[in-house]
Amino acid sequence: MTNRTQPLSELLGTAAAHAAPVVRGIADDSLAAPTPCSEYDVRALLNHLFHVVVNFQALAAKQPADFSATPDHLSDPDWRARFEAETAKLVEAWAAPGAEEGTSGGMGLPARTVGAMVLLDLTVHIWDLTQATGRSFEPDPAVVETLTELVEQMAPTARKMNVFGDAVEAPEGASAFEALLAATGRNPRDRAAA
């Protein structure tokens, strides 16, 4: 894979730069809208994504993460700016020396795999949010390339754990990103709010 050696912090920085305007553009009256993740409306998905971004900062430092309960990060009236601040901390955490080496936290997985998992959330869930709010989203090709390999590697386990839905057939002429979305159980050309 061509970008195996590209630092995760660079990929996360690119993903965060693509995510920030999406999150900034979410209106308060869209927070109850359904998303492609049937268990989440926009507000719940934003809280989940916030929680992941914060906890994966700890995982980058080989510290334990707590996913037992998801706080309401949107209770802060300045949550859009705070999301950008937390993604900046995430990028910084994964740029620290040794962050990509060894295993990470209590997950027992290679640190680079763990970092790619938050990259996946920061890409696919941002797409989910754009679908719920009637916008479009196209991530950076280097991010998609990295995530395609991750999804191929982790999909069977992720489906057993109900992290991914069953794969759907990618539409004819699908882009690499549409194929990635299909592999995670999303219909890449079907709007959640339609």
# chains A, B, ... in the order shown; residues from 1 in each chain; ligands from 1

$ select_by_dssp --residues "chain A" --states "strand (DSSP E or B)" --output "PyMOL selection string"
chain A and resi 34+41+103-104+109-110

$ residues_around --residues "stretch 134-141 of chain A" --least-positions-apart "2" --cutoff "12 Å" --atoms "only C-alpha atoms" --output "VMD selection string"
chain A and resid 2 to 3 10 to 23 25 to 27 30 33 to 35 42 119 to 120 122 to 132 143 to 148 175 to 178 180 to 181 188 to 194

$ residues_around --residues "stretch 98-102 of chain A" --least-positions-apart "3" --cutoff "7 Å" --atoms "only C-alpha atoms" --output "list in words"
Ala60, Ala61, Trp94, Ala95, Pro110, Ala111 and Arg112 of chain A

$ closest_atom_pairs --of "stretch 85-121 of chain A" --to "stretch 152-157 of chain A" --cutoff "12 Å" --atoms "only C-alpha atoms" --output "Markdown table"
| residue | atom | partner | partner_atom | distance |
| --- | --- | --- | --- | --- |
| A:Leu109 | CA | A:Met154 | CA | 11.3 |
| A:Thr113 | CA | A:Met154 | CA | 9.5 |
| A:Val114 | CA | A:Met154 | CA | 11.1 |
| A:Ala116 | CA | A:Met154 | CA | 10.9 |
| A:Met117 | CA | A:Met154 | CA | 9.6 |
| A:Leu120 | CA | A:Met154 | CA | 11.4 |

$ residues_around --residues "A:Val168" --least-positions-apart "2" --cutoff "10 Å" --atoms "only C-alpha atoms" --output "VMD selection string"
chain A and resid 165 to 166 170 to 171 179 181 to 188

$ write_last_selection --atoms "N, CA, C and O atoms" --output "PDB file, in the first residue's frame"
ATOM      1  N   GLY A 165     -22.438  -2.961   9.486  1.00  0.00           N
ATOM      2  CA  GLY A 165     -23.544  -3.765   9.000  1.00  0.00           C
ATOM      3  C   GLY A 165     -23.022  -4.728   7.930  1.00  0.00           C
ATOM      4  O   GLY A 165     -21.840  -4.711   7.571  1.00  0.00           O
ATOM      5  N   ASP A 166     -23.908  -5.578   7.435  1.00  0.00           N
ATOM      6  CA  ASP A 166     -23.519  -6.450   6.328  1.00  0.00           C
ATOM      7  C   ASP A 166     -23.157  -5.589   5.127  1.00  0.00           C
ATOM      8  O   ASP A 166     -23.804  -4.560   4.880  1.00  0.00           O
ATOM      9  N   ALA A 170     -21.654  -2.421  -3.938  1.00  0.00           N
ATOM     10  CA  ALA A 170     -21.308  -1.062  -4.375  1.00  0.00           C
ATOM     11  C   ALA A 170     -21.998  -0.789  -5.710  1.00  0.00           C
ATOM     12  O   ALA A 170     -22.105  -1.670  -6.555  1.00  0.00           O
ATOM     13  N   PRO A 171     -22.496   0.430  -5.913  1.00  0.00           N
ATOM     14  CA  PRO A 171     -23.157   0.747  -7.175  1.00  0.00           C
ATOM     15  C   PRO A 171     -22.188   0.682  -8.352  1.00  0.00           C
ATOM     16  O   PRO A 171     -20.973   0.799  -8.176  1.00  0.00           O
ATOM     17  N   ALA A 179     -17.131   2.475  -2.492  1.00  0.00           N
ATOM     18  CA  ALA A 179     -16.871   1.058  -2.233  1.00  0.00           C
ATOM     19  C   ALA A 179     -16.553   0.824  -0.756  1.00  0.00           C
ATOM     20  O   ALA A 179     -16.991  -0.160  -0.155  1.00  0.00           O
ATOM     21  N   LEU A 181     -17.632   2.707   1.786  1.00  0.00           N
ATOM     22  CA  LEU A 181     -18.901   2.851   2.503  1.00  0.00           C
ATOM     23  C   LEU A 181     -19.748   1.583   2.378  1.00  0.00           C
ATOM     24  O   LEU A 181     -20.323   1.113   3.372  1.00  0.00           O
ATOM     25  N   ALA A 182     -19.811   1.021   1.180  1.00  0.00           N
ATOM     26  CA  ALA A 182     -20.581  -0.204   0.962  1.00  0.00           C
ATOM     27  C   ALA A 182     -20.032  -1.350   1.813  1.00  0.00           C
ATOM     28  O   ALA A 182     -20.792  -2.156   2.363  1.00  0.00           O
ATOM     29  N   ALA A 183     -18.704  -1.411   1.954  1.00  0.00           N
ATOM     30  CA  ALA A 183     -18.082  -2.472   2.754  1.00  0.00           C
ATOM     31  C   ALA A 183     -18.432  -2.347   4.237  1.00  0.00           C
ATOM     32  O   ALA A 183     -18.425  -3.341   4.967  1.00  0.00           O
ATOM     33  N   THR A 184     -18.767  -1.132   4.689  1.00  0.00           N
ATOM     34  CA  THR A 184     -19.162  -0.939   6.091  1.00  0.00           C
ATOM     35  C   THR A 184     -20.673  -1.091   6.287  1.00  0.00           C
ATOM     36  O   THR A 184     -21.181  -0.838   7.379  1.00  0.00           O
ATOM     37  N   GLY A 185     -21.389  -1.454   5.222  1.00  0.00           N
ATOM     38  CA  GLY A 185     -22.832  -1.688   5.324  1.00  0.00           C
ATOM     39  C   GLY A 185     -23.692  -0.496   4.985  1.00  0.00           C
ATOM     40  O   GLY A 185     -24.896  -0.494   5.232  1.00  0.00           O
ATOM     41  N   ARG A 186     -23.071   0.531   4.385  1.00  0.00           N
ATOM     42  CA  ARG A 186     -23.831   1.729   4.016  1.00  0.00           C
ATOM     43  C   ARG A 186     -24.131   1.725   2.525  1.00  0.00           C
ATOM     44  O   ARG A 186     -23.286   1.323   1.735  1.00  0.00           O
ATOM     45  N   ASN A 187     -25.322   2.227   2.164  1.00  0.00           N
ATOM     46  CA  ASN A 187     -25.628   2.437   0.752  1.00  0.00           C
ATOM     47  C   ASN A 187     -25.089   3.823   0.400  1.00  0.00           C
ATOM     48  O   ASN A 187     -25.639   4.830   0.842  1.00  0.00           O
ATOM     49  N   PRO A 188     -24.007   3.886  -0.397  1.00  0.00           N
ATOM     50  CA  PRO A 188     -23.358   5.179  -0.600  1.00  0.00           C
ATOM     51  C   PRO A 188     -24.150   6.203  -1.399  1.00  0.00           C
ATOM     52  O   PRO A 188     -23.790   7.369  -1.425  1.00  0.00           O
TER      53      PRO A 188
END

$ atom_distance --atom1 "atom CA of A:Phe67" --atom2 "atom CA of A:Ala158"
16.5 Å

$ atom_distance --atom1 "atom CA of A:Trp79" --atom2 "atom CA of A:His51"
12.4 Å

$ select_by_dssp --residues "stretch 30-104 of chain A" --states "alpha helix (DSSP H)" --output "JSON, numbers by chain"
{"A": [42, 43, 44, 45, 46, 47, 48, 49, 50, 51, 52, 53, 54, 55, 56, 57, 58, 59, 60, 79, 80, 81, 82, 83, 84, 85, 86, 87, 88, 89, 90, 91, 92, 93, 94, 95]}

$ write_last_selection --atoms "N, CA, C and O atoms" --output "compact mmCIF listing (two decimals), in the first residue's frame"
# COMPACT_ATOMS: atom_id res chain seq x y z
N VAL A 42 -28.57 12.78 14.69
CA VAL A 42 -27.38 13.61 14.49
C VAL A 42 -26.72 13.95 15.83
O VAL A 42 -25.49 13.84 15.98
N ARG A 43 -27.53 14.33 16.80
CA ARG A 43 -26.97 14.69 18.11
C ARG A 43 -26.20 13.51 18.73
O ARG A 43 -25.08 13.66 19.22
N ALA A 44 -26.82 12.34 18.74
CA ALA A 44 -26.19 11.16 19.34
C ALA A 44 -24.93 10.76 18.57
O ALA A 44 -23.93 10.35 19.18
N LEU A 45 -24.96 10.90 17.26
CA LEU A 45 -23.78 10.55 16.47
C LEU A 45 -22.65 11.54 16.73
O LEU A 45 -21.47 11.14 16.83
N LEU A 46 -22.98 12.82 16.84
CA LEU A 46 -21.95 13.80 17.18
C LEU A 46 -21.35 13.51 18.56
O LEU A 46 -20.13 13.58 18.74
N ASN A 47 -22.19 13.17 19.53
CA ASN A 47 -21.68 12.82 20.85
C ASN A 47 -20.79 11.58 20.79
O ASN A 47 -19.73 11.54 21.44
N HIS A 48 -21.19 10.58 20.02
CA HIS A 48 -20.36 9.38 19.84
C HIS A 48 -19.02 9.76 19.23
O HIS A 48 -17.96 9.32 19.71
N LEU A 49 -19.04 10.56 18.18
CA LEU A 49 -17.80 10.93 17.49
C LEU A 49 -16.89 11.75 18.41
O LEU A 49 -15.68 11.52 18.46
N PHE A 50 -17.47 12.68 19.15
CA PHE A 50 -16.71 13.43 20.16
C PHE A 50 -16.02 12.47 21.13
O PHE A 50 -14.83 12.60 21.43
N HIS A 51 -16.80 11.52 21.64
CA HIS A 51 -16.31 10.57 22.63
C HIS A 51 -15.15 9.74 22.07
O HIS A 51 -14.15 9.50 22.77
N VAL A 52 -15.29 9.31 20.84
CA VAL A 52 -14.22 8.55 20.18
C VAL A 52 -12.96 9.42 20.05
O VAL A 52 -11.86 8.98 20.37
N VAL A 53 -13.13 10.63 19.57
CA VAL A 53 -11.98 11.53 19.37
C VAL A 53 -11.25 11.76 20.69
O VAL A 53 -10.01 11.72 20.74
N VAL A 54 -11.98 11.97 21.77
CA VAL A 54 -11.35 12.20 23.08
C VAL A 54 -10.65 10.93 23.58
O VAL A 54 -9.50 10.97 24.01
N ASN A 55 -11.32 9.79 23.51
CA ASN A 55 -10.73 8.56 24.03
C ASN A 55 -9.54 8.08 23.22
O ASN A 55 -8.60 7.49 23.78
N PHE A 56 -9.54 8.33 21.94
CA PHE A 56 -8.41 7.88 21.12
C PHE A 56 -7.18 8.77 21.30
O PHE A 56 -6.09 8.40 20.90
N GLN A 57 -7.35 9.91 21.94
CA GLN A 57 -6.18 10.69 22.38
C GLN A 57 -5.45 9.89 23.45
O GLN A 57 -4.22 9.78 23.45
N ALA A 58 -6.21 9.33 24.39
CA ALA A 58 -5.61 8.51 25.46
C ALA A 58 -4.96 7.26 24.87
O ALA A 58 -3.85 6.88 25.27
N LEU A 59 -5.63 6.61 23.93
CA LEU A 59 -5.09 5.39 23.34
C LEU A 59 -3.77 5.65 22.61
O LEU A 59 -2.88 4.81 22.60
N ALA A 60 -3.64 6.83 22.02
CA ALA A 60 -2.38 7.18 21.35
C ALA A 60 -1.23 7.20 22.35
O ALA A 60 -0.10 6.85 22.03
N TRP A 79 -19.84 23.85 21.25
CA TRP A 79 -19.38 22.50 20.92
C TRP A 79 -18.74 22.40 19.54
O TRP A 79 -17.85 21.58 19.34
N ARG A 80 -19.13 23.23 18.59
CA ARG A 80 -18.52 23.14 17.25
C ARG A 80 -17.03 23.48 17.31
O ARG A 80 -16.19 22.78 16.74
N ALA A 81 -16.70 24.57 18.01
CA ALA A 81 -15.29 24.95 18.16
C ALA A 81 -14.56 23.92 19.01
O ALA A 81 -13.38 23.61 18.77
N ARG A 82 -15.24 23.37 20.01
CA ARG A 82 -14.61 22.38 20.87
C ARG A 82 -14.29 21.11 20.09
O ARG A 82 -13.27 20.45 20.33
N PHE A 83 -15.16 20.75 19.14
CA PHE A 83 -14.87 19.58 18.31
C PHE A 83 -13.56 19.79 17.55
O PHE A 83 -12.72 18.90 17.49
N GLU A 84 -13.39 20.97 16.97
CA GLU A 84 -12.14 21.27 16.26
C GLU A 84 -10.95 21.20 17.20
O GLU A 84 -9.89 20.68 16.84
N ALA A 85 -11.11 21.71 18.40
CA ALA A 85 -10.01 21.68 19.38
C ALA A 85 -9.66 20.24 19.75
O ALA A 85 -8.47 19.88 19.85
N GLU A 86 -10.67 19.40 19.93
CA GLU A 86 -10.42 18.00 20.30
C GLU A 86 -9.79 17.22 19.14
O GLU A 86 -8.93 16.37 19.38
N THR A 87 -10.20 17.51 17.91
CA THR A 87 -9.56 16.81 16.79
C THR A 87 -8.12 17.27 16.64
O THR A 87 -7.24 16.46 16.29
N ALA A 88 -7.83 18.53 16.94
CA ALA A 88 -6.44 19.00 16.92
C ALA A 88 -5.61 18.27 17.97
O ALA A 88 -4.47 17.88 17.72
N LYS A 89 -6.19 18.06 19.16
CA LYS A 89 -5.49 17.30 20.21
C LYS A 89 -5.28 15.85 19.78
O LYS A 89 -4.26 15.24 20.11
N LEU A 90 -6.24 15.29 19.06
CA LEU A 90 -6.12 13.92 18.55
C LEU A 90 -4.93 13.82 17.59
O LEU A 90 -4.11 12.90 17.70
N VAL A 91 -4.84 14.75 16.66
CA VAL A 91 -3.73 14.76 15.69
C VAL A 91 -2.40 14.88 16.44
O VAL A 91 -1.45 14.14 16.16
N GLU A 92 -2.36 15.77 17.40
CA GLU A 92 -1.14 15.97 18.19
C GLU A 92 -0.77 14.70 18.96
O GLU A 92 0.40 14.32 19.04
N ALA A 93 -1.77 14.02 19.52
CA ALA A 93 -1.51 12.80 20.30
C ALA A 93 -0.90 11.72 19.42
O ALA A 93 0.02 11.01 19.83
N TRP A 94 -1.40 11.59 18.19
CA TRP A 94 -0.88 10.55 17.30
C TRP A 94 0.42 10.96 16.62
O TRP A 94 1.10 10.13 16.03
N ALA A 95 0.80 12.24 16.74
CA ALA A 95 2.08 12.70 16.22
C ALA A 95 3.21 12.52 17.24
O ALA A 95 4.39 12.65 16.89

$ atom_distance --atom1 "atom CA of A:Ser9" --atom2 "atom CA of A:Leu150"
16.1 Å

$ closest_residue --among "A:Lys62, A:Thr133, A:Val151, A:Pro71" --to "A:Asp28" --atoms "only C-alpha atoms"
A:Thr133
